[in-house]
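Report on one structure; see the data block that follows.
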Protein chains: 2
Amino acid sequence: MAAQPAALLGLERTSLREQAVTALRTAITSGALAPSSPLVETELSEMLQISRGTLREAMRQLQQEGLISAGARGRLYVRHLDAKEIRDIFAVRAALEALAVRDLAERADRASVIPALRESLEVMAHAENDLEARIESDLNFHRLLCRLTGNETLMHSWQSLEGSIRMSIMFAGLEKAVGNMDVGRHSAIVDAIETGDSDEAASAVRSHMSWAASNLVS
Amino acid sequence: MAAQPAALLGLERTSLREQAVTALRTAITSGALAPSSPLVETELSEMLQISRGTLREAMRQLQQEGLISAGARGRLYVRHLDAKEIRDIFAVRAALEALAVRDLAERADRASVIPALRESLEVMAHAENDLEARIESDLNFHRLLCRLTGNETLMHSWQSLEGSIRMSIMFAGLEKAVGNMDVGRHSAIVDAIETGDSDEAASAVRSHMSWAASNLVS
DNA sequence: CGACAGACTGTTGTCGACAGTCGGCCGCTA
DNA sequence: TAGCGGCCGACTGTCGACAACAGTCTGTCG
């Protein structure tokens, strides 16, 4: 997410709230803020150098994304995931992505989406050694599956889950997670879409997800 | 979403923000706030008699739920749905609920969830004349499907969609919507769960949803 | 020594105000 | 009269301060 070169006309202007959202999101999904640790408004607002009101809006958004959970009396905590929750998250994710690939595979013009997917796989293959990069390219691929459907609601639901997915990966440890990012496995999904076999595509996604979840919680 | 009876010990202590959220939600899903109409903070805060900061938090939440969409320069509008978006919403909904019923049908103790579902159908059957009540009981049934799985993530995702579903119903008109609330159709889903036929249950949900969506946009 | 009243502290809920920015109106000018 | 520049109203972005409430500590009294 590097800053645009500000190509003359079209400046980069993000509100403090947005900046706070991304800052908190990465802080949580990177483990800088430990799970179950309390999120005190006054502390965070001072750390981020923003007012409490602005911070509150950002937290409300993260809460809706499932990265922050509410305790008694409005108190907020970094969400804690146990093994069951990780499985649950991946079950929902599987359902959403299965819908996506099924939609793509059933299209008459499905050939037009293949190049983008193959290119995404290419990027994934080139990120062999960098753990971070592999994870990012993996998530990019799966996000792309949803985006290509053009179903805004699906895209929105998936993105609401993205934070939880990242937390799952962090919770399990990066080493375990990269085991899920096999290019061959992903390639099978693209192949199924290309041949138009929607059942095969959906079941490939589902088995991929259930395997990934088992791998993470093992 | 009627107010709880405040059952002695455990009073009704809802923050202004929560009250604002539900007030705005019902205002939007009931059509009191027309789709695409601009939501001016100063106006709304005065109407609801709350400060802008409190209102902003509420709006941020509704935005995440998909009831409010953002325009240029932070301006917010009531979301507008076209036919395609309604179909998309119901496609995602179908995927989520198919996951739910599949999960329920594959349980060894699936019999334990049947009574609650049957009772929910009973309520639906008794709300023959009241359009509002039929819609509520229908949504209650579908929400119950998700809740019974015990999958918090699934429940959360479904609820994020609930507002959009209500908007779809309002957009299409209540008369069209009630055509989807046939007890027999819903009963078929419960039957499939009871017999443990997960494929049948899932496909019943999917066909129910695609029929409902077609009906709404017709 | 135990228990209870009271002050105290930490934290969230809520508010009003100021500042920045954009679109539109109006008058000036060539 | 068409173009141009500046003023004005309308909103959102952001902030700091006050109020309320629960939990904790402390001192005192039985």
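Following the order of the structure tokens, chains are lettered A, B, ..., residues in each are numbered from 1, and ligands are numbered from 1.
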Could you please select, counting only C-alpha atoms (C1' of nucleotides), the residues of chain C within 10 Å of chain B and state them as a CSV table (one decimal) with N, CA and C atoms (P, O5', C5', C4', C3', O3' and C1' of nucleotides), in the first residue's frame?
chain,number,residue,atom,x,y,z
C,13,DG,P,-18.5,4.2,26.2
C,13,DG,O5',-19.2,5.5,26.7
C,13,DG,C5',-20.3,5.4,27.7
C,13,DG,C4',-21.0,6.7,27.8
C,13,DG,C3',-21.5,7.2,26.4
C,13,DG,O3',-22.9,7.7,26.6
C,13,DG,C1',-20.1,8.8,27.4
C,14,DT,P,-23.7,8.2,25.3
C,14,DT,O5',-23.4,9.8,25.3
C,14,DT,C5',-23.6,10.5,26.5
C,14,DT,C4',-23.2,12.0,26.3
C,14,DT,C3',-23.6,12.5,24.9
C,14,DT,O3',-24.6,13.5,25.0
C,14,DT,C1',-21.4,13.2,25.6
C,15,DC,P,-25.2,14.3,23.8
C,15,DC,O5',-24.3,15.6,23.9
C,15,DC,C5',-24.1,16.3,25.2
C,15,DC,C4',-23.1,17.4,25.1
C,15,DC,C3',-23.4,18.3,23.9
C,15,DC,O3',-23.8,19.6,24.4
C,15,DC,C1',-21.0,17.7,24.2
C,16,DG,P,-24.6,20.6,23.4
C,16,DG,O5',-23.4,21.7,23.1
C,16,DG,C5',-22.8,22.3,24.2
C,16,DG,C4',-21.5,23.0,23.7
C,16,DG,C3',-21.7,23.9,22.6
C,16,DG,O3',-21.1,25.2,22.8
C,16,DG,C1',-20.0,22.4,22.1
C,21,DT,P,-7.6,22.9,3.9
C,21,DT,O5',-8.9,22.5,3.1
C,21,DT,C5',-9.7,21.4,3.5
C,21,DT,C4',-11.0,21.4,2.7
C,21,DT,C3',-10.9,22.0,1.3
C,21,DT,O3',-11.5,21.1,0.4
C,21,DT,C1',-12.7,23.0,2.4
C,22,DC,P,-11.2,21.3,-1.2
C,22,DC,O5',-12.6,21.2,-1.8
C,22,DC,C5',-13.6,20.4,-1.2
C,22,DC,C4',-15.0,20.9,-1.6
C,22,DC,C3',-15.1,21.5,-3.0
C,22,DC,O3',-16.2,20.9,-3.6
C,22,DC,C1',-15.9,23.0,-1.4
- Message: Taking only C-alpha atoms into account and nothing else, which residues of chain B lie no more than 10 Å away from chain A? Please answer as a VMD selection string.
- Response: chain B and resid 13 15 53 to 54 56 to 66 73 to 74 84 to 100 103 149 to 158 160 to 161 164
Please build the interface table for chain D against chain A with a cut-off of 12 Å, listing for each qualifying residue the nearest atom pair and the distance in Å to one decimal; count only C-alpha atoms (C1' of nucleotides), order rows by chain and increasing number, and write it as JSON lines.
{"residue": "D:DT12", "atom": "C1'", "partner": "A:Ser15", "partner_atom": "CA", "distance": 10.9}
{"residue": "D:DG13", "atom": "C1'", "partner": "A:Ser15", "partner_atom": "CA", "distance": 7.7}
{"residue": "D:DT14", "atom": "C1'", "partner": "A:Thr54", "partner_atom": "CA", "distance": 7.0}
{"residue": "D:DC15", "atom": "C1'", "partner": "A:Ser51", "partner_atom": "CA", "distance": 6.0}
{"residue": "D:DG16", "atom": "C1'", "partner": "A:Ser51", "partner_atom": "CA", "distance": 8.2}
{"residue": "D:DA17", "atom": "C1'", "partner": "A:Arg52", "partner_atom": "CA", "distance": 11.7}
{"residue": "D:DC21", "atom": "C1'", "partner": "A:Arg73", "partner_atom": "CA", "distance": 9.3}
{"residue": "D:DA22", "atom": "C1'", "partner": "A:Arg73", "partner_atom": "CA", "distance": 8.8}
- Residue contacts of B:Ser168 (10 Å, only C-alpha atoms (C1' of nucleotides)) excluding same-chain residues fewer than 2 positions away, as a PyMOL selection string: chain B and resi 29+80-83+85-87+89-90+162-166+170-174+177+213+216-217
Just the selected residues (C-alpha atoms), exported as a PDB file, in the first residue's frame, please.
ATOM      1  CA  THR B  29     -35.277   0.324   6.445  1.00  0.00           C
ATOM      2  CA  HIS B  80     -29.552   2.973  -2.989  1.00  0.00           C
ATOM      3  CA  LEU B  81     -30.168  -0.548  -4.222  1.00  0.00           C
ATOM      4  CA  ASP B  82     -30.758  -1.559  -7.802  1.00  0.00           C
ATOM      5  CA  ALA B  83     -31.948  -4.959  -9.013  1.00  0.00           C
ATOM      6  CA  GLU B  85     -27.438  -5.395  -5.930  1.00  0.00           C
ATOM      7  CA  ILE B  86     -30.494  -7.108  -4.509  1.00  0.00           C
ATOM      8  CA  ARG B  87     -29.605 -10.268  -6.386  1.00  0.00           C
ATOM      9  CA  ILE B  89     -27.135  -9.525  -1.552  1.00  0.00           C
ATOM     10  CA  PHE B  90     -29.340 -12.579  -1.734  1.00  0.00           C
ATOM     11  CA  GLU B 162     -29.623  -7.981   7.744  1.00  0.00           C
ATOM     12  CA  GLY B 163     -29.918  -4.254   7.131  1.00  0.00           C
ATOM     13  CA  SER B 164     -29.361  -4.736   3.421  1.00  0.00           C
ATOM     14  CA  ILE B 165     -31.941  -7.474   3.359  1.00  0.00           C
ATOM     15  CA  ARG B 166     -34.482  -5.204   5.000  1.00  0.00           C
ATOM     16  CA  MET B 170     -38.599  -2.201   1.468  1.00  0.00           C
ATOM     17  CA  PHE B 171     -37.277  -1.361  -1.972  1.00  0.00           C
ATOM     18  CA  ALA B 172     -39.361  -4.064  -3.582  1.00  0.00           C
ATOM     19  CA  GLY B 173     -42.424  -3.310  -1.524  1.00  0.00           C
ATOM     20  CA  LEU B 174     -43.898  -5.331   1.309  1.00  0.00           C
ATOM     21  CA  ALA B 177     -41.887  -9.623  -0.099  1.00  0.00           C
ATOM     22  CA  ALA B 213     -34.557 -12.641  -5.024  1.00  0.00           C
ATOM     23  CA  LEU B 216     -38.309  -9.172  -5.265  1.00  0.00           C
ATOM     24  CA  VAL B 217     -36.774  -7.736  -8.394  1.00  0.00           C
TER      25      VAL B 217
END
- Task: Report as a ChimeraX atom specification: the residues of stretch 6-180 of chain B with a DSSP assignment of helix (DSSP H, G or I), based on the backbone of this structure.
- Result: /B:16-29,41-48,52-65,72-74,83-105,110-125,131-149,152-172,174-178
Using the selection just defined, write its residues with C-alpha atoms as a compact mmCIF listing (two decimals), in the first residue's frame.
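Done, and the output landed in again.txt:
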# COMPACT_ATOMS: atom_id res chain seq x y z
CA LEU B 16 -27.16 7.19 23.05
CA ARG B 17 -25.04 5.80 20.26
CA GLU B 18 -26.86 2.48 20.30
CA GLN B 19 -30.20 4.20 20.41
CA ALA B 20 -29.14 6.34 17.48
CA VAL B 21 -28.05 3.27 15.54
CA THR B 22 -31.38 1.52 15.95
CA ALA B 23 -33.31 4.71 15.31
CA LEU B 24 -31.46 5.37 12.08
CA ARG B 25 -31.64 1.75 11.05
CA THR B 26 -35.39 1.61 11.36
CA ALA B 27 -35.69 5.03 9.74
CA ILE B 28 -33.78 3.78 6.73
CA THR B 29 -35.28 0.32 6.44
CA GLU B 41 -24.77 15.48 10.38
CA THR B 42 -26.02 18.76 11.73
CA GLU B 43 -29.59 18.02 10.72
CA LEU B 44 -29.68 14.51 12.12
CA SER B 45 -27.94 15.41 15.35
CA GLU B 46 -30.55 18.05 15.93
CA MET B 47 -33.41 15.72 15.08
CA LEU B 48 -32.15 13.01 17.41
CA ARG B 52 -22.50 15.25 16.23
CA GLY B 53 -19.71 13.15 17.67
CA THR B 54 -22.11 10.60 19.03
CA LEU B 55 -24.04 10.59 15.80
CA ARG B 56 -20.88 10.11 13.79
CA GLU B 57 -20.05 6.92 15.64
CA ALA B 58 -23.51 5.59 14.92
CA MET B 59 -23.20 6.47 11.25
CA ARG B 60 -19.85 4.76 11.00
CA GLN B 61 -21.50 1.61 12.26
CA LEU B 62 -24.40 1.84 9.84
CA GLN B 63 -21.94 2.46 7.05
CA GLN B 64 -20.19 -0.80 7.86
CA GLU B 65 -23.57 -2.51 7.79
CA ALA B 72 -17.39 12.66 -2.14
CA ARG B 73 -15.60 14.35 0.72
CA GLY B 74 -16.99 12.27 3.53
CA ALA B 83 -31.95 -4.96 -9.01
CA LYS B 84 -28.44 -6.33 -9.45
CA GLU B 85 -27.44 -5.40 -5.93
CA ILE B 86 -30.49 -7.11 -4.51
CA ARG B 87 -29.60 -10.27 -6.39
CA ASP B 88 -26.03 -9.98 -5.14
CA ILE B 89 -27.14 -9.53 -1.55
CA PHE B 90 -29.34 -12.58 -1.73
CA ALA B 91 -26.57 -14.60 -3.33
CA VAL B 92 -24.30 -13.89 -0.39
CA ARG B 93 -27.14 -14.51 2.02
CA ALA B 94 -27.80 -17.84 0.37
CA ALA B 95 -24.17 -18.85 0.73
CA LEU B 96 -24.16 -18.00 4.42
CA GLU B 97 -27.42 -19.71 5.23
CA ALA B 98 -26.48 -22.74 3.17
CA LEU B 99 -23.40 -23.03 5.34
CA ALA B 100 -25.60 -22.77 8.40
CA VAL B 101 -28.09 -25.46 7.48
CA ARG B 102 -25.35 -27.74 6.19
CA ASP B 103 -23.64 -27.42 9.55
CA LEU B 104 -26.86 -28.10 11.44
CA ALA B 105 -27.82 -31.06 9.28
CA ARG B 110 -29.29 -32.15 15.17
CA ALA B 111 -32.54 -33.25 16.73
CA SER B 112 -31.95 -30.81 19.57
CA VAL B 113 -32.25 -27.78 17.32
CA ILE B 114 -35.45 -28.88 15.61
CA PRO B 115 -37.91 -27.77 18.32
CA ALA B 116 -36.68 -24.19 18.25
CA LEU B 117 -36.99 -24.08 14.49
CA ARG B 118 -40.47 -25.59 14.49
CA GLU B 119 -41.58 -23.11 17.08
CA SER B 120 -40.24 -20.30 14.95
CA LEU B 121 -42.28 -21.62 12.03
CA GLU B 122 -45.29 -21.74 14.30
CA VAL B 123 -44.92 -18.06 15.04
CA MET B 124 -44.64 -17.36 11.35
CA ALA B 125 -47.83 -19.28 10.63
CA LEU B 131 -47.33 -7.84 6.97
CA GLU B 132 -44.80 -6.42 9.38
CA ALA B 133 -45.09 -9.40 11.68
CA ARG B 134 -44.62 -11.85 8.83
CA ILE B 135 -41.44 -10.16 7.75
CA GLU B 136 -40.12 -10.08 11.28
CA SER B 137 -40.90 -13.71 11.91
CA ASP B 138 -39.29 -14.66 8.62
CA LEU B 139 -36.09 -12.81 9.45
CA ASN B 140 -36.18 -14.28 12.94
CA PHE B 141 -36.29 -17.76 11.48
CA HIS B 142 -33.35 -17.19 9.19
CA ARG B 143 -31.38 -15.48 11.92
CA LEU B 144 -32.10 -18.43 14.17
CA LEU B 145 -30.60 -20.77 11.59
CA CYS B 146 -27.34 -18.92 11.88
CA ARG B 147 -27.47 -18.50 15.62
CA LEU B 148 -28.05 -22.18 16.27
CA THR B 149 -24.79 -23.09 14.60
CA GLU B 152 -20.15 -16.31 15.96
CA THR B 153 -18.47 -15.23 12.77
CA LEU B 154 -21.32 -16.57 10.69
CA MET B 155 -23.81 -14.83 12.94
CA HIS B 156 -21.91 -11.58 12.68
CA SER B 157 -21.68 -11.74 8.91
CA TRP B 158 -25.36 -12.49 8.61
CA GLN B 159 -26.30 -9.60 10.83
CA SER B 160 -24.13 -7.29 8.78
CA LEU B 161 -26.34 -8.30 5.91
CA GLU B 162 -29.62 -7.98 7.74
CA GLY B 163 -29.92 -4.25 7.13
CA SER B 164 -29.36 -4.74 3.42
CA ILE B 165 -31.94 -7.47 3.36
CA ARG B 166 -34.48 -5.20 5.00
CA MET B 167 -33.69 -2.49 2.50
CA SER B 168 -34.24 -4.95 -0.32
CA ILE B 169 -37.63 -5.82 1.08
CA MET B 170 -38.60 -2.20 1.47
CA PHE B 171 -37.28 -1.36 -1.97
CA ALA B 172 -39.36 -4.06 -3.58
CA LEU B 174 -43.90 -5.33 1.31
CA GLU B 175 -46.52 -6.96 -0.89
CA LYS B 176 -43.95 -8.64 -3.10
CA ALA B 177 -41.89 -9.62 -0.10
CA VAL B 178 -44.56 -11.50 1.79
- Query: So what do you get for atom CA of B:Leu39 versus atom C1' of D:DA10, distance-wise?
  - Reply: 13.2 Å
